[in-house]
>>> print(open('work.tsv').read())   # TSV, N, CA and C atoms
chain	number	residue	atom	x	y	z
A	1	MET	N	0.84	-1.18	0.00
A	1	MET	CA	0.00	0.00	0.00
A	1	MET	C	0.89	1.24	0.00
A	2	ILE	N	0.38	2.27	-0.67
A	2	ILE	CA	1.11	3.54	-0.73
A	2	ILE	C	0.12	4.68	-0.50
A	3	ARG	N	0.54	5.66	0.28
A	3	ARG	CA	-0.30	6.82	0.55
A	3	ARG	C	0.22	8.01	-0.24
A	4	TYR	N	-0.70	8.66	-0.94
A	4	TYR	CA	-0.34	9.84	-1.69
A	4	TYR	C	-1.07	11.05	-1.15
A	5	SER	N	-0.38	12.19	-1.15
A	5	SER	CA	-1.03	13.48	-0.96
A	5	SER	C	-1.50	13.89	-2.34
A	6	LEU	N	-2.77	14.28	-2.43
A	6	LEU	CA	-3.37	14.60	-3.73
A	6	LEU	C	-3.94	16.01	-3.71
A	7	THR	N	-4.08	16.59	-4.90
A	7	THR	CA	-4.77	17.87	-5.05
A	7	THR	C	-5.68	17.78	-6.26
A	8	CYS	N	-6.80	18.50	-6.18
A	8	CYS	CA	-7.71	18.53	-7.32
A	8	CYS	C	-7.51	19.84	-8.08
A	9	LYS	N	-8.21	19.97	-9.20
A	9	LYS	CA	-8.07	21.15	-10.05
A	9	LYS	C	-8.50	22.43	-9.34
A	10	ASP	N	-9.32	22.30	-8.26
A	10	ASP	CA	-9.76	23.46	-7.51
A	10	ASP	C	-8.86	23.78	-6.32
A	11	GLY	N	-7.76	23.02	-6.18
A	11	GLY	CA	-6.79	23.31	-5.14
A	11	GLY	C	-7.03	22.64	-3.79
A	12	HIS	N	-8.03	21.76	-3.72
A	12	HIS	CA	-8.27	21.03	-2.47
A	12	HIS	C	-7.18	19.99	-2.28
A	13	SER	N	-6.72	19.82	-1.04
A	13	SER	CA	-5.70	18.82	-0.72
A	13	SER	C	-6.31	17.71	0.13
A	14	PHE	N	-5.90	16.48	-0.13
A	14	PHE	CA	-6.37	15.33	0.64
A	14	PHE	C	-5.41	14.18	0.43
A	15	ASP	N	-5.49	13.17	1.29
A	15	ASP	CA	-4.65	11.98	1.19
A	15	ASP	C	-5.50	10.78	0.83
A	16	SER	N	-4.89	9.80	0.19
A	16	SER	CA	-5.58	8.55	-0.10
A	16	SER	C	-4.56	7.43	-0.24
A	17	TRP	N	-5.01	6.21	0.05
A	17	TRP	CA	-4.17	5.02	-0.05
A	17	TRP	C	-4.47	4.27	-1.34
A	18	PHE	N	-3.43	3.68	-1.94
A	18	PHE	CA	-3.57	2.91	-3.16
A	18	PHE	C	-2.77	1.63	-3.04
A	19	GLN	N	-3.18	0.61	-3.79
A	19	GLN	CA	-2.50	-0.68	-3.79
A	19	GLN	C	-1.05	-0.54	-4.24
A	20	SER	N	-0.83	0.35	-5.22
A	20	SER	CA	0.52	0.57	-5.75
A	20	SER	C	0.51	1.87	-6.55
A	21	ALA	N	1.68	2.28	-7.02
A	21	ALA	CA	1.77	3.47	-7.86
A	21	ALA	C	1.01	3.24	-9.17
A	22	ASP	N	1.13	2.03	-9.72
A	22	ASP	CA	0.40	1.71	-10.95
A	22	ASP	C	-1.11	1.76	-10.73
A	23	ALA	N	-1.56	1.32	-9.55
A	23	ALA	CA	-3.00	1.34	-9.25
A	23	ALA	C	-3.52	2.77	-9.27
A	24	PHE	N	-2.76	3.71	-8.67
A	24	PHE	CA	-3.18	5.11	-8.73
A	24	PHE	C	-3.27	5.58	-10.17
A	25	ASP	N	-2.23	5.32	-10.96
A	25	ASP	CA	-2.21	5.78	-12.35
A	25	ASP	C	-3.40	5.23	-13.14
A	26	THR	N	-3.71	3.95	-12.94
A	26	THR	CA	-4.82	3.31	-13.65
A	26	THR	C	-6.15	3.93	-13.25
A	27	LEU	N	-6.37	4.08	-11.93
A	27	LEU	CA	-7.62	4.65	-11.44
A	27	LEU	C	-7.78	6.11	-11.88
A	28	ALA	N	-6.70	6.89	-11.79
A	28	ALA	CA	-6.76	8.30	-12.19
A	28	ALA	C	-7.06	8.43	-13.68
A	29	ALA	N	-6.46	7.57	-14.51
A	29	ALA	CA	-6.70	7.62	-15.95
A	29	ALA	C	-8.16	7.32	-16.29
A	30	ARG	N	-8.82	6.52	-15.44
A	30	ARG	CA	-10.23	6.18	-15.66
A	30	ARG	C	-11.18	7.13	-14.92
A	31	ASN	N	-10.63	8.23	-14.36
A	31	ASN	CA	-11.41	9.22	-13.61
A	31	ASN	C	-12.12	8.61	-12.40
A	32	LEU	N	-11.46	7.64	-11.76
A	32	LEU	CA	-12.05	6.98	-10.60
A	32	LEU	C	-11.46	7.48	-9.28
A	33	VAL	N	-10.53	8.42	-9.35
A	33	VAL	CA	-10.01	9.06	-8.15
A	33	VAL	C	-10.70	10.41	-8.07
A	34	THR	N	-11.42	10.65	-6.97
A	34	THR	CA	-12.18	11.89	-6.86
A	34	THR	C	-11.79	12.67	-5.61
A	35	CYS	N	-11.90	13.97	-5.70
A	35	CYS	CA	-11.60	14.86	-4.59
A	35	CYS	C	-12.61	14.61	-3.46
A	36	THR	N	-12.10	14.48	-2.24
A	36	THR	CA	-12.98	14.23	-1.10
A	36	THR	C	-13.77	15.47	-0.69
A	37	HIS	N	-13.39	16.63	-1.23
A	37	HIS	CA	-14.07	17.87	-0.87
A	37	HIS	C	-15.14	18.27	-1.89
A	38	CYS	N	-14.81	18.14	-3.19
A	38	CYS	CA	-15.74	18.64	-4.21
A	38	CYS	C	-16.15	17.58	-5.24
A	39	GLY	N	-15.51	16.41	-5.23
A	39	GLY	CA	-15.86	15.36	-6.16
A	39	GLY	C	-15.21	15.46	-7.53
A	40	ALA	N	-14.33	16.43	-7.72
A	40	ALA	CA	-13.65	16.59	-9.01
A	40	ALA	C	-12.82	15.35	-9.32
A	41	THR	N	-12.76	14.98	-10.60
A	41	THR	CA	-11.97	13.82	-11.01
A	41	THR	C	-10.62	14.21	-11.60
A	42	ASP	N	-10.37	15.51	-11.74
A	42	ASP	CA	-9.08	16.00	-12.22
A	42	ASP	C	-8.16	16.11	-10.99
A	43	VAL	N	-7.53	14.98	-10.64
A	43	VAL	CA	-6.74	14.86	-9.41
A	43	VAL	C	-5.31	14.48	-9.77
A	44	ALA	N	-4.35	15.08	-9.07
A	44	ALA	CA	-2.94	14.79	-9.31
A	44	ALA	C	-2.21	14.59	-7.99
A	45	LYS	N	-1.10	13.85	-8.05
A	45	LYS	CA	-0.26	13.67	-6.87
A	45	LYS	C	0.41	14.99	-6.55
A	46	ALA	N	0.44	15.31	-5.27
A	46	ALA	CA	1.11	16.53	-4.82
A	46	ALA	C	2.53	16.17	-4.41
A	47	LEU	N	3.40	17.15	-4.39
A	47	LEU	CA	4.76	16.95	-3.92
A	47	LEU	C	4.71	16.61	-2.44
A	48	MET	N	5.39	15.54	-2.05
A	48	MET	CA	5.38	15.16	-0.64
A	48	MET	C	6.74	14.64	-0.23
A	49	ALA	N	7.06	14.88	1.03
A	49	ALA	CA	8.33	14.39	1.58
A	49	ALA	C	8.16	12.95	2.03
A	50	PRO	N	9.20	12.16	1.95
A	50	PRO	CA	9.09	10.79	2.43
A	50	PRO	C	8.87	10.76	3.94
A	51	SER	N	8.16	9.74	4.38
A	51	SER	CA	7.89	9.57	5.80
A	51	SER	C	8.97	8.66	6.39
A	52	VAL	N	9.79	9.22	7.26
A	52	VAL	CA	10.87	8.46	7.87
A	52	VAL	C	10.70	8.52	9.38
A	53	ARG	N	10.62	7.34	10.00
A	53	ARG	CA	10.47	7.29	11.45
A	53	ARG	C	11.84	7.38	12.10
A	54	THR	N	11.91	8.20	13.14
A	54	THR	CA	13.17	8.35	13.86
A	54	THR	C	13.07	7.86	15.30
A	55	ASP	N	11.91	7.32	15.69
A	55	ASP	CA	11.73	6.81	17.04
A	55	ASP	C	10.87	5.55	16.99
A	56	ASN	N	10.28	5.18	18.07
A	56	ASN	CA	9.50	3.95	18.14
A	56	ASN	C	8.00	4.18	18.00
A	57	THR	N	7.59	5.27	17.40
A	57	THR	CA	6.16	5.52	17.22
A	57	THR	C	5.61	4.55	16.18
A	58	PRO	N	4.31	4.21	16.28
A	58	PRO	CA	3.72	3.29	15.31
A	58	PRO	C	3.82	3.84	13.89
A	59	ALA	N	3.98	2.95	12.93
A	59	ALA	CA	4.10	3.37	11.53
A	59	ALA	C	2.85	4.07	11.05
A	60	LEU	N	1.68	3.62	11.50
A	60	LEU	CA	0.43	4.25	11.10
A	60	LEU	C	-0.20	4.93	12.31
A	61	ALA	N	0.03	6.20	12.45
A	61	ALA	CA	-0.55	6.94	13.56
A	61	ALA	C	-2.03	7.20	13.27
A	62	ALA	N	-2.78	7.53	14.30
A	62	ALA	CA	-4.20	7.84	14.13
A	62	ALA	C	-4.34	9.03	13.20
A	63	VAL	N	-5.29	8.96	12.30
A	63	VAL	CA	-5.52	10.02	11.33
A	63	VAL	C	-6.52	11.01	11.92
A	64	THR	N	-6.17	12.27	11.91
A	64	THR	CA	-7.07	13.31	12.39
A	64	THR	C	-7.99	13.71	11.25
A	65	PRO	N	-9.32	13.67	11.47
A	65	PRO	CA	-10.24	14.08	10.41
A	65	PRO	C	-9.95	15.51	9.96
A	66	GLU	N	-10.00	15.73	8.65
A	66	GLU	CA	-9.68	17.05	8.11
A	66	GLU	C	-10.90	17.84	7.69
A	67	SER	N	-12.07	17.21	7.66
A	67	SER	CA	-13.26	17.93	7.23
A	67	SER	C	-14.44	17.52	8.11
A	68	ASP	N	-15.52	18.25	7.99
A	68	ASP	CA	-16.74	17.94	8.75
A	68	ASP	C	-17.26	16.54	8.40
A	69	ILE	N	-17.18	16.18	7.13
A	69	ILE	CA	-17.65	14.86	6.69
A	69	ILE	C	-16.79	13.77	7.32
A	70	GLU	N	-15.48	13.94	7.29
A	70	GLU	CA	-14.60	12.94	7.90
A	70	GLU	C	-14.85	12.82	9.40
A	71	THR	N	-15.12	13.95	10.06
A	71	THR	CA	-15.43	13.93	11.50
A	71	THR	C	-16.72	13.15	11.75
A	72	LYS	N	-17.73	13.39	10.93
A	72	LYS	CA	-19.01	12.69	11.09
A	72	LYS	C	-18.87	11.19	10.80
A	73	LEU	N	-18.09	10.83	9.79
A	73	LEU	CA	-17.86	9.42	9.50
A	73	LEU	C	-17.10	8.74	10.63
A	74	ALA	N	-16.13	9.43	11.21
A	74	ALA	CA	-15.38	8.86	12.34
A	74	ALA	C	-16.31	8.65	13.53
A	75	GLU	N	-17.21	9.58	13.77
A	75	GLU	CA	-18.18	9.45	14.87
A	75	GLU	C	-19.14	8.29	14.59
A	76	MET	N	-19.59	8.16	13.34
A	76	MET	CA	-20.47	7.05	12.98
A	76	MET	C	-19.78	5.72	13.24
A	77	ARG	N	-18.54	5.63	12.83
A	77	ARG	CA	-17.78	4.39	13.03
A	77	ARG	C	-17.65	4.07	14.52
A	78	ARG	N	-17.33	5.10	15.32
A	78	ARG	CA	-17.19	4.91	16.76
A	78	ARG	C	-18.49	4.41	17.37
A	79	GLN	N	-19.61	5.02	16.99
A	79	GLN	CA	-20.92	4.62	17.50
A	79	GLN	C	-21.23	3.17	17.14
A	80	ILE	N	-20.99	2.81	15.90
A	80	ILE	CA	-21.27	1.43	15.45
A	80	ILE	C	-20.41	0.44	16.21
A	81	GLU	N	-19.12	0.73	16.30
A	81	GLU	CA	-18.21	-0.21	16.97
A	81	GLU	C	-18.49	-0.34	18.46
A	82	GLU	N	-19.01	0.73	19.09
A	82	GLU	CA	-19.33	0.67	20.52
A	82	GLU	C	-20.68	0.02	20.80
A	83	ASN	N	-21.62	0.10	19.85
A	83	ASN	CA	-23.00	-0.30	20.14
A	83	ASN	C	-23.50	-1.50	19.35
A	84	ALA	N	-22.67	-2.09	18.54
A	84	ALA	CA	-23.09	-3.24	17.75
A	84	ALA	C	-22.05	-4.35	17.89
A	85	ASP	N	-22.49	-5.57	17.64
A	85	ASP	CA	-21.60	-6.73	17.71
A	85	ASP	C	-20.99	-6.98	16.34
A	86	TYR	N	-19.68	-7.13	16.30
A	86	TYR	CA	-18.99	-7.48	15.06
A	86	TYR	C	-19.13	-8.99	14.86
A	87	VAL	N	-19.73	-9.40	13.74
A	87	VAL	CA	-19.94	-10.82	13.47
A	87	VAL	C	-19.10	-11.31	12.29
A	88	GLY	N	-18.23	-10.46	11.79
A	88	GLY	CA	-17.30	-10.84	10.73
A	88	GLY	C	-17.99	-11.37	9.49
A	89	LEU	N	-17.45	-12.46	8.96
A	89	LEU	CA	-17.96	-13.04	7.73
A	89	LEU	C	-19.28	-13.79	7.93
A	90	SER	N	-19.76	-13.86	9.16
A	90	SER	CA	-21.05	-14.51	9.46
A	90	SER	C	-22.21	-13.53	9.37
A	91	PHE	N	-21.95	-12.31	8.85
A	91	PHE	CA	-22.98	-11.28	8.85
A	91	PHE	C	-24.28	-11.74	8.17
A	92	ALA	N	-24.19	-12.28	6.97
A	92	ALA	CA	-25.41	-12.67	6.24
A	92	ALA	C	-26.20	-13.72	7.01
A	93	ALA	N	-25.53	-14.72	7.54
A	93	ALA	CA	-26.20	-15.78	8.29
A	93	ALA	C	-26.83	-15.23	9.56
A	94	GLU	N	-26.13	-14.36	10.26
A	94	GLU	CA	-26.66	-13.76	11.50
A	94	GLU	C	-27.88	-12.88	11.20
A	95	ALA	N	-27.79	-12.05	10.17
A	95	ALA	CA	-28.91	-11.17	9.82
A	95	ALA	C	-30.14	-11.99	9.44
A	96	ARG	N	-29.94	-13.04	8.66
A	96	ARG	CA	-31.05	-13.90	8.25
A	96	ARG	C	-31.66	-14.61	9.46
A	97	ALA	N	-30.83	-15.12	10.37
A	97	ALA	CA	-31.33	-15.82	11.56
A	97	ALA	C	-32.15	-14.88	12.45
A	98	MET	N	-31.71	-13.63	12.58
A	98	MET	CA	-32.49	-12.67	13.37
A	98	MET	C	-33.81	-12.34	12.67
A	99	HIS	N	-33.76	-12.15	11.37
A	99	HIS	CA	-34.97	-11.84	10.60
A	99	HIS	C	-35.99	-12.97	10.68
A	100	ASP	N	-35.50	-14.20	10.65
A	100	ASP	CA	-36.38	-15.37	10.69
A	100	ASP	C	-36.84	-15.71	12.11
A	101	GLY	N	-36.32	-15.00	13.12
A	101	GLY	CA	-36.71	-15.26	14.50
A	101	GLY	C	-35.95	-16.39	15.15
A	102	ASP	N	-34.91	-16.90	14.50
A	102	ASP	CA	-34.12	-17.98	15.06
A	102	ASP	C	-33.11	-17.49	16.10
A	103	LYS	N	-32.80	-16.22	16.06
A	103	LYS	CA	-31.89	-15.60	17.04
A	103	LYS	C	-32.50	-14.28	17.48
A	104	PRO	N	-32.21	-13.86	18.71
A	104	PRO	CA	-32.74	-12.57	19.17
A	104	PRO	C	-32.14	-11.42	18.35
A	105	GLU	N	-32.96	-10.39	18.12
A	105	GLU	CA	-32.47	-9.23	17.37
A	105	GLU	C	-31.49	-8.44	18.20
A	106	ARG	N	-30.47	-7.95	17.54
A	106	ARG	CA	-29.47	-7.08	18.14
A	106	ARG	C	-28.78	-6.33	17.02
A	107	ALA	N	-28.07	-5.27	17.36
A	107	ALA	CA	-27.32	-4.51	16.36
A	107	ALA	C	-26.05	-5.28	16.02
A	108	ILE	N	-25.85	-5.54	14.73
A	108	ILE	CA	-24.66	-6.25	14.28
A	108	ILE	C	-24.04	-5.51	13.09
A	109	TYR	N	-22.78	-5.77	12.89
A	109	TYR	CA	-22.11	-5.35	11.66
A	109	TYR	C	-21.05	-6.37	11.33
A	110	GLY	N	-20.68	-6.42	10.07
A	110	GLY	CA	-19.70	-7.41	9.65
A	110	GLY	C	-19.46	-7.29	8.16
A	111	GLU	N	-19.18	-8.42	7.55
A	111	GLU	CA	-18.84	-8.44	6.14
A	111	GLU	C	-19.66	-9.49	5.42
A	112	ALA	N	-20.04	-9.18	4.20
A	112	ALA	CA	-20.81	-10.12	3.38
A	112	ALA	C	-20.35	-9.99	1.93
A	113	ARG	N	-20.42	-11.09	1.23
A	113	ARG	CA	-20.13	-11.04	-0.20
A	113	ARG	C	-21.28	-10.30	-0.89
A	114	LEU	N	-21.02	-9.77	-2.06
A	114	LEU	CA	-22.04	-9.02	-2.80
A	114	LEU	C	-23.29	-9.86	-3.05
A	115	ASP	N	-23.11	-11.12	-3.44
A	115	ASP	CA	-24.27	-11.96	-3.70
A	115	ASP	C	-25.08	-12.22	-2.42
A	116	GLU	N	-24.40	-12.34	-1.28
A	116	GLU	CA	-25.11	-12.53	0.00
A	116	GLU	C	-25.91	-11.29	0.36
A	117	ALA	N	-25.30	-10.12	0.21
A	117	ALA	CA	-25.99	-8.87	0.52
A	117	ALA	C	-27.19	-8.67	-0.40
A	118	ARG	N	-27.02	-8.94	-1.67
A	118	ARG	CA	-28.11	-8.80	-2.63
A	118	ARG	C	-29.28	-9.71	-2.26
A	119	LYS	N	-29.00	-10.94	-1.87
A	119	LYS	CA	-30.04	-11.90	-1.49
A	119	LYS	C	-30.77	-11.42	-0.23
A	120	LEU	N	-30.05	-10.88	0.75
A	120	LEU	CA	-30.69	-10.35	1.95
A	120	LEU	C	-31.68	-9.24	1.57
A	121	ILE	N	-31.25	-8.34	0.73
A	121	ILE	CA	-32.11	-7.22	0.31
A	121	ILE	C	-33.32	-7.75	-0.47
A	122	GLU	N	-33.10	-8.68	-1.38
A	122	GLU	CA	-34.22	-9.26	-2.15
A	122	GLU	C	-35.23	-9.94	-1.24
A	123	ASP	N	-34.77	-10.51	-0.12
A	123	ASP	CA	-35.65	-11.19	0.82
A	123	ASP	C	-36.27	-10.25	1.85
A	124	GLY	N	-36.03	-8.95	1.69
A	124	GLY	CA	-36.65	-7.97	2.58
A	124	GLY	C	-35.97	-7.83	3.93
A	125	ILE	N	-34.75	-8.28	4.04
A	125	ILE	CA	-34.00	-8.18	5.29
A	125	ILE	C	-33.26	-6.84	5.27
A	126	PRO	N	-33.55	-5.96	6.24
A	126	PRO	CA	-32.97	-4.62	6.21
A	126	PRO	C	-31.47	-4.62	6.52
A	127	VAL	N	-30.67	-4.30	5.53
A	127	VAL	CA	-29.22	-4.18	5.68
A	127	VAL	C	-28.77	-2.93	4.92
A	128	ALA	N	-27.62	-2.43	5.27
A	128	ALA	CA	-27.06	-1.27	4.58
A	128	ALA	C	-25.54	-1.38	4.59
A	129	PRO	N	-24.89	-0.95	3.51
A	129	PRO	CA	-23.43	-0.97	3.50
A	129	PRO	C	-22.88	0.13	4.41
A	130	LEU	N	-21.74	-0.12	5.00
A	130	LEU	CA	-21.08	0.88	5.83
A	130	LEU	C	-20.11	1.67	4.96
A	131	PRO	N	-19.91	2.94	5.28
A	131	PRO	CA	-18.98	3.76	4.50
A	131	PRO	C	-17.54	3.60	4.96
A	132	PHE	N	-17.23	2.45	5.56
A	132	PHE	CA	-15.87	2.14	5.99
A	132	PHE	C	-15.70	0.64	6.05
A	133	VAL	N	-14.45	0.20	6.01
A	133	VAL	CA	-14.15	-1.22	6.13
A	133	VAL	C	-14.04	-1.53	7.62
A	134	PRO	N	-14.82	-2.49	8.12
A	134	PRO	CA	-14.75	-2.80	9.55
A	134	PRO	C	-13.37	-3.30	9.96
A	135	LYS	N	-13.00	-2.94	11.19
A	135	LYS	CA	-11.77	-3.50	11.75
A	135	LYS	C	-12.03	-4.96	12.02
A	136	ARG	N	-11.11	-5.79	11.66
A	136	ARG	CA	-11.27	-7.23	11.92
A	136	ARG	C	-10.93	-7.49	13.38
A	137	HIS	N	-11.84	-8.16	14.05
A	137	HIS	CA	-11.67	-8.46	15.47
A	137	HIS	C	-11.27	-9.91	15.62
A	138	ALA	N	-10.39	-10.19	16.55
A	138	ALA	CA	-10.03	-11.57	16.87
A	138	ALA	C	-11.15	-12.18	17.69
A	139	ASN	N	-11.62	-13.33	17.28
A	139	ASN	CA	-12.70	-13.99	18.02
A	139	ASN	C	-12.17	-15.16	18.80
>>> encode(input="work.tsv", output="structure tokens")
Amino acid sequence: MIRYSLTCKDGHSFDSWFQSADAFDTLAARNLVTCTHCGATDVAKALMAPSVRTDNTPALAAVTPESDIETKLAEMRRQIEENADYVGLSFAAEARAMHDGDKPERAIYGEARLDEARKLIEDGIPVAPLPFVPKRHAN
């Protein structure tokens, strides 16, 4: 993974992670990299200094939200993680069991394949995608 500092044609600055340098180039060429502030697809890598650690701090420090939207998303994530049970890859089975009355209802979140999520929705089971990738918990 590689993190780039990016700027859009309107001068907004933001950071994003990519699988590789080639992945950024491919996505940018297809206009799939968008500004987090205005949605512009004319995005370029900004000049950035290399990140060199000189002490024992973690390689990935906590990211401070830079906009109101990022702050709200961070709060949403915190609320979900504090008030719902992480069920991992068992999400579809757990949601279906609660809907069918086989398990007591509770707030859950986890991961499901696209076909599993589509089937839940087709069967009238209320689910929604999260705007973040859940942290994987050790069970």
>>> select_by_dssp(input="work.tsv", residues="chain A", states="helix (DSSP H, G or I)", output="ChimeraX atom specification")
/A:21-29,68-83,91-99,114-122
>>> atom_distance(input="work.tsv", atom1="atom C of Met1 (chain A)", atom2="atom N of Trp17 (chain A)")
7.7 Å
>>> axis_aligned_box(input="work.tsv", around="region 97-107 of chain A", padding_each_side="4 Å", output="JSON")
{"center_x": -31.4, "center_y": -11.2, "center_z": 14.8, "size_x": 18.8, "size_y": 21.5, "size_z": 16.8}
>>> residues_near_point(input="work.tsv", point="(-21.1, -0.6, 5.3)", cutoff="12 Å", atoms="only C-alpha atoms", output="PyMOL selection string")
chain A and resi 73+76-77+80+91+108-114+117+127-135
>>> atom_distance(input="work.tsv", atom1="atom C of Lys103 (chain A)", atom2="CA of Arg78 (chain A)")
24.6 Å
>>> atom_distance(input="work.tsv", atom1="CA of Val87 (chain A)", atom2="CA of Ile69 (chain A)")
26.7 Å
>>> decode(input="work.tsv", residues="region 55-123 of chain A", atoms="C-alpha atoms", output="compact mmCIF listing (two decimals), in the first residue's frame")
# COMPACT_ATOMS: atom_id res chain seq x y z
CA ASP A 55 11.73 6.81 17.04
CA ASN A 56 9.50 3.95 18.14
CA THR A 57 6.16 5.52 17.22
CA PRO A 58 3.72 3.29 15.31
CA ALA A 59 4.10 3.37 11.53
CA LEU A 60 0.43 4.25 11.10
CA ALA A 61 -0.55 6.94 13.56
CA ALA A 62 -4.20 7.84 14.13
CA VAL A 63 -5.52 10.02 11.33
CA THR A 64 -7.07 13.31 12.39
CA PRO A 65 -10.24 14.08 10.41
CA GLU A 66 -9.68 17.05 8.11
CA SER A 67 -13.26 17.93 7.23
CA ASP A 68 -16.74 17.94 8.75
CA ILE A 69 -17.65 14.86 6.69
CA GLU A 70 -14.60 12.94 7.90
CA THR A 71 -15.43 13.93 11.50
CA LYS A 72 -19.01 12.69 11.09
CA LEU A 73 -17.86 9.42 9.50
CA ALA A 74 -15.38 8.86 12.34
CA GLU A 75 -18.18 9.45 14.87
CA MET A 76 -20.47 7.05 12.98
CA ARG A 77 -17.78 4.39 13.03
CA ARG A 78 -17.19 4.91 16.76
CA GLN A 79 -20.92 4.62 17.50
CA ILE A 80 -21.27 1.43 15.45
CA GLU A 81 -18.21 -0.21 16.97
CA GLU A 82 -19.33 0.67 20.52
CA ASN A 83 -23.00 -0.30 20.14
CA ALA A 84 -23.09 -3.24 17.75
CA ASP A 85 -21.60 -6.73 17.71
CA TYR A 86 -18.99 -7.48 15.06
CA VAL A 87 -19.94 -10.82 13.47
CA GLY A 88 -17.30 -10.84 10.73
CA LEU A 89 -17.96 -13.04 7.73
CA SER A 90 -21.05 -14.51 9.46
CA PHE A 91 -22.98 -11.28 8.85
CA ALA A 92 -25.41 -12.67 6.24
CA ALA A 93 -26.20 -15.78 8.29
CA GLU A 94 -26.66 -13.76 11.50
CA ALA A 95 -28.91 -11.17 9.82
CA ARG A 96 -31.05 -13.90 8.25
CA ALA A 97 -31.33 -15.82 11.56
CA MET A 98 -32.49 -12.67 13.37
CA HIS A 99 -34.97 -11.84 10.60
CA ASP A 100 -36.38 -15.37 10.69
CA GLY A 101 -36.71 -15.26 14.50
CA ASP A 102 -34.12 -17.98 15.06
CA LYS A 103 -31.89 -15.60 17.04
CA PRO A 104 -32.74 -12.57 19.17
CA GLU A 105 -32.47 -9.23 17.37
CA ARG A 106 -29.47 -7.08 18.14
CA ALA A 107 -27.32 -4.51 16.36
CA ILE A 108 -24.66 -6.25 14.28
CA TYR A 109 -22.11 -5.35 11.66
CA GLY A 110 -19.70 -7.41 9.65
CA GLU A 111 -18.84 -8.44 6.14
CA ALA A 112 -20.81 -10.12 3.38
CA ARG A 113 -20.13 -11.04 -0.20
CA LEU A 114 -22.04 -9.02 -2.80
CA ASP A 115 -24.27 -11.96 -3.70
CA GLU A 116 -25.11 -12.53 0.00
CA ALA A 117 -25.99 -8.87 0.52
CA ARG A 118 -28.11 -8.80 -2.63
CA LYS A 119 -30.04 -11.90 -1.49
CA LEU A 120 -30.69 -10.35 1.95
CA ILE A 121 -32.11 -7.22 0.31
CA GLU A 122 -34.22 -9.26 -2.15
CA ASP A 123 -35.65 -11.19 0.82
